[in-house]
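Enquirer: Structure in C-alpha coordinates, see below.
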Amino acid sequence: MIHTDALVIGAGPVGLFQVFQLGLLGLKADIIDVLPHAGGQCMALYPDKPIYDIPGVPVCTGRELTQQLLTQAAPFMPADAPDALPRNLHLGHMVSELRVLPEGGFELLTDKGLQARAPAVFIAAGAGAFVPRGLNLPGLDAVRNLHYFLPEQADAATPWAGQHLIIHGGADEALSAALEMALHPDPTQRPTRLSLLHRRDQFQAEDELDKQVRALMATGQIELIVGMPVAAHVEGEQLTALQILGADGQTRTQQLDHLLIRLGMSPKLGPLTTWGMALERKQVAVSTTSFESSIPGIYAVGDINTYPGKKRLLLCGFHEATLAAHHAAATLHPEAPQHLLYTTTSPLLHQRLGIAK
(Lines give C-alpha, C1' and ligand atoms only; values in the text may rest on other atoms or scores of the structure.)
Protein backbone atom coordinates (compact mmCIF):
# COMPACT_ATOMS: atom_id res chain seq x y z
CA MET A 1 0.00 0.00 0.00
CA ILE A 2 1.39 3.37 -1.07
CA HIS A 3 0.65 6.34 1.21
CA THR A 4 1.31 9.75 -0.29
CA ASP A 5 -0.03 13.30 -0.35
CA ALA A 6 -1.44 13.14 -3.86
CA LEU A 7 -2.09 10.62 -6.60
CA VAL A 8 -1.76 11.76 -10.20
CA ILE A 9 -3.48 9.59 -12.81
CA GLY A 10 -1.77 10.11 -16.14
CA ALA A 11 1.93 10.66 -16.89
CA GLY A 12 1.49 12.88 -19.92
CA PRO A 13 2.87 16.44 -20.03
CA VAL A 14 0.16 17.87 -17.77
CA GLY A 15 0.49 15.01 -15.28
CA LEU A 16 4.27 15.45 -15.09
CA PHE A 17 3.87 19.20 -14.59
CA GLN A 18 1.27 18.49 -11.91
CA VAL A 19 3.86 16.52 -9.93
CA PHE A 20 6.28 19.44 -10.28
CA GLN A 21 3.76 22.00 -9.04
CA LEU A 22 2.73 19.81 -6.11
CA GLY A 23 6.39 19.33 -5.23
CA LEU A 24 7.01 23.07 -5.18
CA LEU A 25 4.21 23.34 -2.62
CA GLY A 26 5.71 20.60 -0.45
CA LEU A 27 3.30 17.83 -1.46
CA LYS A 28 4.57 14.38 -2.43
CA ALA A 29 2.87 12.72 -5.37
CA ASP A 30 2.81 9.30 -6.99
CA ILE A 31 1.97 9.18 -10.69
CA ILE A 32 0.33 6.25 -12.50
CA ASP A 33 -0.08 5.59 -16.23
CA VAL A 34 -1.29 2.66 -18.33
CA LEU A 35 1.46 3.14 -20.93
CA PRO A 36 4.94 1.63 -20.46
CA HIS A 37 6.53 5.08 -20.77
CA ALA A 38 5.90 8.64 -19.62
CA GLY A 39 4.69 11.29 -22.04
CA GLY A 40 1.11 10.25 -22.69
CA GLN A 41 -0.33 11.35 -26.02
CA CYS A 42 2.86 13.21 -26.95
CA MET A 43 4.87 9.98 -26.86
CA ALA A 44 2.10 7.67 -28.03
CA LEU A 45 1.01 9.62 -31.10
CA TYR A 46 3.67 12.13 -32.16
CA PRO A 47 6.99 11.57 -30.35
CA ASP A 48 9.07 12.98 -33.21
CA LYS A 49 6.71 15.59 -34.65
CA PRO A 50 7.28 19.28 -33.89
CA ILE A 51 5.27 21.22 -31.30
CA TYR A 52 5.32 25.00 -31.70
CA ASP A 53 3.08 26.40 -28.94
CA ILE A 54 5.00 25.75 -25.70
CA PRO A 55 5.80 29.15 -24.11
CA GLY A 56 9.47 30.04 -24.43
CA VAL A 57 10.19 26.95 -26.53
CA PRO A 58 9.94 27.84 -30.24
CA VAL A 59 9.90 24.19 -31.31
CA CYS A 60 10.33 20.77 -29.71
CA THR A 61 9.16 17.23 -30.33
CA GLY A 62 6.84 15.27 -28.07
CA ARG A 63 9.85 13.20 -26.99
CA GLU A 64 11.90 16.29 -26.16
CA LEU A 65 9.04 17.90 -24.24
CA THR A 66 8.55 14.74 -22.20
CA GLN A 67 12.25 14.59 -21.33
CA GLN A 68 12.32 18.27 -20.36
CA LEU A 69 9.30 17.82 -18.08
CA LEU A 70 10.87 14.75 -16.47
CA THR A 71 14.07 16.72 -15.89
CA GLN A 72 12.11 19.62 -14.41
CA ALA A 73 10.17 17.29 -12.09
CA ALA A 74 13.27 15.26 -11.14
CA PRO A 75 13.63 16.88 -7.66
CA PHE A 76 10.21 15.39 -6.86
CA MET A 77 10.64 12.10 -8.73
CA PRO A 78 13.57 10.39 -6.97
CA ALA A 79 15.20 7.32 -8.51
CA ASP A 80 17.59 4.74 -7.08
CA ALA A 81 20.01 5.16 -9.99
CA PRO A 82 20.49 7.69 -12.81
CA ASP A 83 19.01 5.34 -15.42
CA ALA A 84 16.29 3.86 -13.18
CA LEU A 85 12.61 4.76 -13.17
CA PRO A 86 11.57 7.20 -10.44
CA ARG A 87 10.22 5.37 -7.41
CA ASN A 88 6.94 7.33 -7.56
CA LEU A 89 6.35 6.66 -11.29
CA HIS A 90 4.20 3.57 -11.83
CA LEU A 91 3.93 2.63 -15.50
CA GLY A 92 1.86 -0.08 -17.17
CA HIS A 93 -0.95 0.24 -14.61
CA MET A 94 -4.59 0.89 -15.47
CA VAL A 95 -6.48 2.45 -12.56
CA SER A 96 -9.44 0.12 -12.15
CA GLU A 97 -11.02 1.47 -8.98
CA LEU A 98 -11.09 4.77 -7.10
CA ARG A 99 -13.17 5.07 -3.96
CA VAL A 100 -13.74 7.60 -1.21
CA LEU A 101 -12.58 6.41 2.21
CA PRO A 102 -14.95 6.79 5.19
CA GLU A 103 -12.20 8.50 7.20
CA GLY A 104 -11.42 10.88 4.35
CA GLY A 105 -9.16 10.69 1.35
CA PHE A 106 -9.14 8.16 -1.43
CA GLU A 107 -7.97 4.65 -2.20
CA LEU A 108 -6.89 3.63 -5.67
CA LEU A 109 -6.45 0.15 -7.12
CA THR A 110 -4.86 -0.79 -10.46
CA ASP A 111 -5.35 -3.80 -12.69
CA LYS A 112 -1.97 -5.15 -11.53
CA GLY A 113 -2.79 -4.97 -7.84
CA LEU A 114 -1.10 -1.68 -6.94
CA GLN A 115 -2.90 -0.01 -4.04
CA ALA A 116 -2.44 3.60 -2.99
CA ARG A 117 -4.05 6.08 -0.61
CA ALA A 118 -3.91 9.86 -0.60
CA PRO A 119 -6.03 12.82 0.54
CA ALA A 120 -6.05 14.28 -2.99
CA VAL A 121 -6.30 12.84 -6.50
CA PHE A 122 -5.45 14.58 -9.76
CA ILE A 123 -6.82 13.10 -12.97
CA ALA A 124 -4.59 14.09 -15.89
CA ALA A 125 -5.69 11.35 -18.25
CA GLY A 126 -5.89 13.39 -21.44
CA ALA A 127 -8.56 12.03 -23.75
CA GLY A 128 -8.55 8.85 -21.67
CA ALA A 129 -6.16 5.98 -21.12
CA PHE A 130 -4.26 5.46 -24.36
CA VAL A 131 -4.25 1.76 -25.10
CA PRO A 132 -2.89 0.06 -28.23
CA ARG A 133 -5.31 -0.99 -30.94
CA GLY A 134 -5.35 -4.76 -31.25
CA LEU A 135 -6.67 -7.47 -33.52
CA ASN A 136 -10.30 -8.43 -33.10
CA LEU A 137 -9.55 -12.14 -33.34
CA PRO A 138 -10.55 -14.81 -30.82
CA GLY A 139 -7.91 -16.61 -28.82
CA LEU A 140 -5.34 -13.82 -28.47
CA ASP A 141 -6.08 -12.66 -24.93
CA ALA A 142 -3.62 -14.93 -23.16
CA VAL A 143 -0.86 -15.46 -25.71
CA ARG A 144 2.65 -14.59 -24.54
CA ASN A 145 4.30 -13.83 -27.89
CA LEU A 146 1.94 -10.99 -28.84
CA HIS A 147 3.47 -7.54 -28.29
CA TYR A 148 2.48 -3.90 -28.67
CA PHE A 149 5.63 -2.04 -27.64
CA LEU A 150 9.34 -2.13 -28.42
CA PRO A 151 11.85 -2.52 -25.58
CA GLU A 152 12.26 0.78 -23.73
CA GLN A 153 16.04 0.92 -24.27
CA ALA A 154 17.50 0.75 -27.77
CA ASP A 155 20.20 -1.64 -26.56
CA ALA A 156 17.81 -3.83 -24.52
CA ALA A 157 17.35 -7.53 -25.18
CA THR A 158 14.50 -8.31 -27.59
CA PRO A 159 12.18 -11.29 -27.07
CA TRP A 160 12.29 -12.07 -30.82
CA ALA A 161 16.08 -12.23 -31.23
CA GLY A 162 16.96 -14.94 -33.74
CA GLN A 163 13.29 -15.66 -34.55
CA HIS A 164 10.61 -14.69 -37.06
CA LEU A 165 8.93 -11.41 -36.10
CA ILE A 166 5.86 -10.09 -37.92
CA ILE A 167 5.06 -6.40 -37.44
CA HIS A 168 1.44 -5.56 -38.25
CA GLY A 169 0.63 -2.04 -39.45
CA GLY A 170 1.30 0.45 -42.22
CA ALA A 171 1.70 3.84 -40.56
CA ASP A 172 4.64 5.56 -38.85
CA GLU A 173 4.48 3.35 -35.73
CA ALA A 174 4.82 0.11 -37.70
CA LEU A 175 7.45 1.31 -40.16
CA SER A 176 9.55 2.88 -37.40
CA ALA A 177 9.47 -0.41 -35.48
CA ALA A 178 10.45 -2.37 -38.60
CA LEU A 179 13.34 0.00 -39.28
CA GLU A 180 14.51 -0.12 -35.67
CA MET A 181 14.44 -3.92 -35.55
CA ALA A 182 16.14 -4.36 -38.92
CA LEU A 183 18.95 -2.00 -37.87
CA HIS A 184 19.20 -2.94 -34.20
CA PRO A 185 22.66 -1.89 -32.96
CA ASP A 186 23.28 -5.41 -31.64
CA PRO A 187 22.97 -7.88 -34.55
CA THR A 188 22.39 -10.74 -32.11
CA GLN A 189 19.16 -9.04 -31.00
CA ARG A 190 17.71 -8.76 -34.51
CA PRO A 191 15.07 -11.24 -35.73
CA THR A 192 16.42 -13.70 -38.29
CA ARG A 193 13.31 -13.02 -40.37
CA LEU A 194 11.43 -9.72 -40.24
CA SER A 195 8.05 -9.32 -41.95
CA LEU A 196 5.81 -6.28 -42.28
CA LEU A 197 2.13 -7.20 -42.57
CA HIS A 198 -0.20 -4.61 -44.10
CA ARG A 199 -3.47 -4.74 -45.97
CA ARG A 200 -1.91 -3.27 -49.13
CA ASP A 201 1.42 -2.32 -50.66
CA GLN A 202 0.98 1.33 -49.74
CA PHE A 203 1.86 2.90 -46.40
CA GLN A 204 0.50 5.90 -44.48
CA ALA A 205 3.90 7.04 -43.24
CA GLU A 206 6.31 9.93 -43.64
CA ASP A 207 7.98 9.92 -47.05
CA GLU A 208 11.51 9.51 -45.69
CA LEU A 209 10.47 6.64 -43.44
CA ASP A 210 8.67 4.98 -46.36
CA LYS A 211 11.83 5.25 -48.50
CA GLN A 212 14.06 3.77 -45.79
CA VAL A 213 11.78 0.77 -45.29
CA ARG A 214 11.40 0.26 -49.04
CA ALA A 215 15.18 0.19 -49.36
CA LEU A 216 15.41 -2.57 -46.74
CA MET A 217 12.64 -4.46 -48.51
CA ALA A 218 14.62 -4.27 -51.75
CA THR A 219 17.63 -5.90 -50.06
CA GLY A 220 15.51 -8.60 -48.39
CA GLN A 221 16.03 -7.35 -44.84
CA ILE A 222 12.30 -6.72 -44.50
CA GLU A 223 9.65 -8.88 -46.16
CA LEU A 224 6.27 -7.41 -47.05
CA ILE A 225 3.17 -9.55 -46.49
CA VAL A 226 0.07 -8.04 -48.09
CA GLY A 227 -3.28 -9.01 -46.62
CA MET A 228 -5.51 -8.94 -43.58
CA PRO A 229 -5.33 -11.37 -40.64
CA VAL A 230 -8.66 -13.16 -40.34
CA ALA A 231 -7.87 -15.95 -37.87
CA ALA A 232 -5.20 -16.95 -35.36
CA HIS A 233 -3.71 -20.36 -34.58
CA VAL A 234 -2.93 -20.63 -30.87
CA GLU A 235 -1.31 -23.54 -29.08
CA GLY A 236 -1.36 -23.15 -25.32
CA GLU A 237 -0.08 -19.61 -24.66
CA GLN A 238 1.69 -19.29 -28.01
CA LEU A 239 0.44 -17.75 -31.23
CA THR A 240 1.90 -19.99 -33.92
CA ALA A 241 0.37 -18.68 -37.16
CA LEU A 242 -2.05 -16.21 -38.72
CA GLN A 243 -4.53 -16.83 -41.48
CA ILE A 244 -3.98 -14.02 -44.00
CA LEU A 245 -6.64 -13.01 -46.52
CA GLY A 246 -4.85 -11.69 -49.60
CA ALA A 247 -5.98 -9.20 -52.22
CA ASP A 248 -6.71 -12.14 -54.54
CA GLY A 249 -9.34 -13.45 -52.14
CA GLN A 250 -7.22 -16.44 -51.13
CA THR A 251 -6.41 -17.27 -47.51
CA ARG A 252 -2.91 -18.40 -46.63
CA THR A 253 -1.30 -19.60 -43.41
CA GLN A 254 1.65 -17.55 -42.20
CA GLN A 255 3.84 -19.12 -39.50
CA LEU A 256 5.50 -16.83 -36.94
CA ASP A 257 7.38 -16.75 -33.66
CA HIS A 258 6.31 -13.29 -32.47
CA LEU A 259 3.69 -10.73 -33.51
CA LEU A 260 4.21 -7.01 -32.84
CA ILE A 261 1.01 -5.02 -33.43
CA ARG A 262 1.60 -1.36 -34.30
CA LEU A 263 -1.82 -0.05 -35.29
CA GLY A 264 -1.70 3.12 -33.22
CA MET A 265 -3.32 4.02 -29.92
CA SER A 266 -6.93 4.54 -28.94
CA PRO A 267 -8.11 6.63 -25.94
CA LYS A 268 -10.63 4.99 -23.62
CA LEU A 269 -12.25 6.44 -20.52
CA GLY A 270 -12.55 2.94 -19.06
CA PRO A 271 -13.39 2.70 -15.34
CA LEU A 272 -13.27 6.49 -14.87
CA THR A 273 -16.97 6.64 -15.75
CA THR A 274 -17.81 4.59 -12.63
CA TRP A 275 -16.02 6.80 -10.09
CA GLY A 276 -19.05 8.98 -9.38
CA MET A 277 -17.90 12.31 -10.81
CA ALA A 278 -20.18 14.49 -12.91
CA LEU A 279 -19.32 14.07 -16.58
CA GLU A 280 -20.21 16.17 -19.60
CA ARG A 281 -19.66 14.58 -23.02
CA LYS A 282 -17.20 12.07 -21.56
CA GLN A 283 -15.19 14.75 -19.78
CA VAL A 284 -14.95 15.58 -16.08
CA ALA A 285 -16.85 18.76 -15.21
CA VAL A 286 -14.75 21.04 -12.98
CA SER A 287 -14.91 24.38 -11.23
CA THR A 288 -12.54 26.97 -12.70
CA THR A 289 -11.69 28.32 -9.24
CA SER A 290 -10.09 25.05 -8.14
CA PHE A 291 -10.36 22.53 -11.02
CA GLU A 292 -12.04 20.20 -8.56
CA SER A 293 -14.58 17.72 -9.86
CA SER A 294 -18.00 17.23 -8.29
CA ILE A 295 -16.21 15.12 -5.65
CA PRO A 296 -14.16 17.38 -3.33
CA GLY A 297 -10.51 16.35 -3.34
CA ILE A 298 -10.57 14.90 -6.85
CA TYR A 299 -9.19 17.32 -9.42
CA ALA A 300 -9.17 17.02 -13.21
CA VAL A 301 -6.64 18.86 -15.37
CA GLY A 302 -5.79 18.88 -19.05
CA ASP A 303 -7.87 17.42 -21.86
CA ILE A 304 -9.89 15.19 -19.51
CA ASN A 305 -11.79 18.13 -17.99
CA THR A 306 -14.41 20.54 -19.26
CA TYR A 307 -15.73 23.94 -18.22
CA PRO A 308 -17.16 26.99 -20.04
CA GLY A 309 -14.56 28.31 -22.47
CA LYS A 310 -12.32 25.24 -22.21
CA LYS A 311 -9.51 25.02 -24.77
CA ARG A 312 -7.74 21.69 -25.21
CA LEU A 313 -4.20 23.06 -25.33
CA LEU A 314 -1.10 22.05 -23.38
CA LEU A 315 -0.69 25.64 -22.18
CA CYS A 316 -4.16 25.52 -20.61
CA GLY A 317 -3.40 22.20 -18.96
CA PHE A 318 -0.26 23.61 -17.32
CA HIS A 319 -2.30 26.56 -16.01
CA GLU A 320 -4.97 24.24 -14.63
CA ALA A 321 -2.38 22.03 -12.90
CA THR A 322 -0.90 25.10 -11.19
CA LEU A 323 -4.21 26.35 -9.79
CA ALA A 324 -5.30 22.85 -8.79
CA ALA A 325 -2.05 22.31 -6.87
CA HIS A 326 -2.47 25.58 -4.96
CA HIS A 327 -6.07 24.77 -4.08
CA ALA A 328 -5.10 21.31 -2.85
CA ALA A 329 -2.22 22.68 -0.75
CA ALA A 330 -4.53 25.22 0.90
CA THR A 331 -7.16 22.56 1.56
CA LEU A 332 -4.75 19.95 2.97
CA HIS A 333 -2.84 22.47 5.10
CA PRO A 334 -5.26 25.28 5.99
CA GLU A 335 -3.06 26.26 8.93
CA ALA A 336 -0.11 27.13 6.68
CA PRO A 337 0.20 30.66 5.31
CA GLN A 338 -0.70 30.76 1.63
CA HIS A 339 1.93 33.19 0.43
CA LEU A 340 2.76 33.09 -3.26
CA LEU A 341 6.44 32.20 -3.57
CA TYR A 342 8.65 32.67 -6.60
CA THR A 343 11.34 30.27 -7.79
CA THR A 344 13.60 33.23 -8.59
CA THR A 345 13.85 34.42 -4.99
CA SER A 346 12.35 31.94 -2.49
CA PRO A 347 14.90 30.07 -0.32
CA LEU A 348 12.19 27.51 0.52
CA LEU A 349 11.56 26.73 -3.14
CA HIS A 350 15.30 26.59 -3.77
CA GLN A 351 15.57 24.06 -0.96
CA ARG A 352 12.77 21.94 -2.40
CA LEU A 353 14.35 22.10 -5.85
CA GLY A 354 17.76 21.14 -4.46
CA ILE A 355 19.33 24.40 -5.64
CA ALA A 356 22.30 25.59 -3.63
CA LYS A 357 22.29 29.37 -3.06
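Residues are named by chain letter and number: chains run A, B, ... in the order of the C-alpha coordinates, numbers start at 1 in each chain, and ligands are numbered from 1 in the order shown.
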Determine which residues of stretch 196-325 of chain A DSSP labels as strand (DSSP E or B) from the backbone of this structure, then write them out as a ChimeraX atom specification.

Expert: /A:196-198,204,223-226,228-235,238-245,251-255,258-261,265-268,279-280,283-285,292,298-300,305-306

Enquirer: What's the 10 Å shell around A:Gln67, counting only C-alpha atoms, without same-chain residues fewer than 5 positions away, as a VMD selection string?

Expert: chain A and resid 13 38 to 39 61 to 62 72 to 73

Enquirer: Using 10 Å as the limit and counting only C-alpha atoms, can you tabulate each residue of stretch 72-179 of chain A that touches stretch 233-252 of chain A, with its shortest atom-to-atom distance in Å and the two atoms involved, as CSV?

Expert:
```
residue,atom,partner,partner_atom,distance
A:Pro138,CA,A:His233,CA,9.6
A:Gly139,CA,A:Val234,CA,6.7
A:Leu140,CA,A:Leu239,CA,7.5
A:Asp141,CA,A:Glu237,CA,9.2
A:Ala142,CA,A:Glu237,CA,6.1
A:Val143,CA,A:Glu237,CA,4.3
A:Arg144,CA,A:Glu237,CA,5.7
A:Asn145,CA,A:Gln238,CA,6.1
A:Leu146,CA,A:Leu239,CA,7.3
```

Enquirer: Could you produce a table of the residues of stretch 241-287 of chain A lying within 8 Å of stretch 90-101 of chain A, with the nearest pair of atoms per residue and their separation in Å rounded to one decimal, using only C-alpha atoms, ordered by chain and increasing residue number, as CSV?

Expert:
```
residue,atom,partner,partner_atom,distance
A:Pro271,CA,A:Ser96,CA,5.7
A:Leu272,CA,A:Ser96,CA,7.9
A:Trp275,CA,A:Leu98,CA,6.1
```

Enquirer: Go ahead and write the residues just picked, N, CA, C and O atoms, as an mmCIF file, in the first residue's frame.

Expert:
```cif
data_model
loop_
_atom_site.group_PDB
_atom_site.id
_atom_site.type_symbol
_atom_site.label_atom_id
_atom_site.label_comp_id
_atom_site.auth_asym_id
_atom_site.auth_seq_id
_atom_site.Cartn_x
_atom_site.Cartn_y
_atom_site.Cartn_z
ATOM 1 N N PRO A 271 -12.695 2.676 -16.635
ATOM 2 C CA PRO A 271 -13.393 2.702 -15.344
ATOM 3 C C PRO A 271 -13.675 4.094 -14.807
ATOM 4 O O PRO A 271 -14.463 4.241 -13.875
ATOM 5 N N LEU A 272 -13.059 5.131 -15.373
ATOM 6 C CA LEU A 272 -13.268 6.489 -14.869
ATOM 7 C C LEU A 272 -14.750 6.854 -14.804
ATOM 8 O O LEU A 272 -15.170 7.605 -13.917
ATOM 9 N N TRP A 275 -16.560 6.248 -11.331
ATOM 10 C CA TRP A 275 -16.021 6.797 -10.089
ATOM 11 C C TRP A 275 -16.925 7.826 -9.425
ATOM 12 O O TRP A 275 -16.577 8.378 -8.378
#
```

Enquirer: Write out as a VMD selection string the residues lying within 9 Å of A:His327, counting only C-alpha atoms and excluding same-chain residues fewer than 2 positions away.

Expert: chain A and resid 289 to 292 322 to 325 329 to 332

Enquirer: For the residues in the current selection, export N, CA and C atoms as a PDB file, in the first residue's frame.

Expert:
```pdb
ATOM      1  N   THR A 289     -12.394  27.726 -10.377  1.00  0.00           N
ATOM      2  CA  THR A 289     -11.689  28.322  -9.242  1.00  0.00           C
ATOM      3  C   THR A 289     -10.697  27.349  -8.606  1.00  0.00           C
ATOM      4  N   SER A 290     -10.935  26.054  -8.803  1.00  0.00           N
ATOM      5  CA  SER A 290     -10.094  25.052  -8.142  1.00  0.00           C
ATOM      6  C   SER A 290      -9.711  23.891  -9.047  1.00  0.00           C
ATOM      7  N   PHE A 291     -10.472  23.684 -10.126  1.00  0.00           N
ATOM      8  CA  PHE A 291     -10.358  22.528 -11.017  1.00  0.00           C
ATOM      9  C   PHE A 291     -10.646  21.218 -10.285  1.00  0.00           C
ATOM     10  N   GLU A 292     -11.483  21.360  -9.233  1.00  0.00           N
ATOM     11  CA  GLU A 292     -12.038  20.197  -8.556  1.00  0.00           C
ATOM     12  C   GLU A 292     -13.222  19.670  -9.355  1.00  0.00           C
ATOM     13  N   THR A 322      -1.432  24.152 -12.170  1.00  0.00           N
ATOM     14  CA  THR A 322      -0.901  25.099 -11.188  1.00  0.00           C
ATOM     15  C   THR A 322      -1.979  25.504 -10.191  1.00  0.00           C
ATOM     16  N   LEU A 323      -3.144  25.911 -10.695  1.00  0.00           N
ATOM     17  CA  LEU A 323      -4.214  26.347  -9.794  1.00  0.00           C
ATOM     18  C   LEU A 323      -4.752  25.195  -8.963  1.00  0.00           C
ATOM     19  N   ALA A 324      -4.836  24.010  -9.554  1.00  0.00           N
ATOM     20  CA  ALA A 324      -5.304  22.849  -8.793  1.00  0.00           C
ATOM     21  C   ALA A 324      -4.343  22.517  -7.657  1.00  0.00           C
ATOM     22  N   ALA A 325      -3.042  22.599  -7.915  1.00  0.00           N
ATOM     23  CA  ALA A 325      -2.049  22.312  -6.874  1.00  0.00           C
ATOM     24  C   ALA A 325      -2.179  23.292  -5.718  1.00  0.00           C
ATOM     25  N   ALA A 329      -3.138  22.357  -1.855  1.00  0.00           N
ATOM     26  CA  ALA A 329      -2.223  22.682  -0.748  1.00  0.00           C
ATOM     27  C   ALA A 329      -2.951  23.475   0.333  1.00  0.00           C
ATOM     28  N   ALA A 330      -3.787  24.422  -0.078  1.00  0.00           N
ATOM     29  CA  ALA A 330      -4.528  25.221   0.899  1.00  0.00           C
ATOM     30  C   ALA A 330      -5.556  24.377   1.634  1.00  0.00           C
ATOM     31  N   THR A 331      -6.153  23.419   0.940  1.00  0.00           N
ATOM     32  CA  THR A 331      -7.160  22.557   1.561  1.00  0.00           C
ATOM     33  C   THR A 331      -6.529  21.556   2.522  1.00  0.00           C
ATOM     34  N   LEU A 332      -5.393  20.968   2.132  1.00  0.00           N
ATOM     35  CA  LEU A 332      -4.751  19.953   2.965  1.00  0.00           C
ATOM     36  C   LEU A 332      -4.030  20.561   4.152  1.00  0.00           C
TER      37      LEU A 332
END
```

Enquirer: Please compute the atom CA of A:Leu165-atom CA of A:Gln212 distance, one decimal, in Å.

Expert: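 Answer for the atom CA of A:Leu165 to atom CA of A:Gln212 separation: 18.7 Å.
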
Enquirer: Provide the atom CA of A:Val34 to atom CA of A:Thr110 distance in Å, to one decimal place.

Expert: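 Going from atom CA of A:Val34 over to atom CA of A:Thr110 covers 9.3 Å.
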
Enquirer: Do you know which residues are at most 9 Å from A:Leu353 counting only C-alpha atoms, after dropping those on the same chain fewer than 5 positions away, and could you put them as a count of residues only?

Expert: 8

Enquirer: For a test of reading the model, state the distance in Å between atom CA of A:Ile261 and atom CA of A:Leu150, rounded to one decimal.

Expert: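 Separation of atom CA of A:Ile261 and atom CA of A:Leu150: 10.1 Å.
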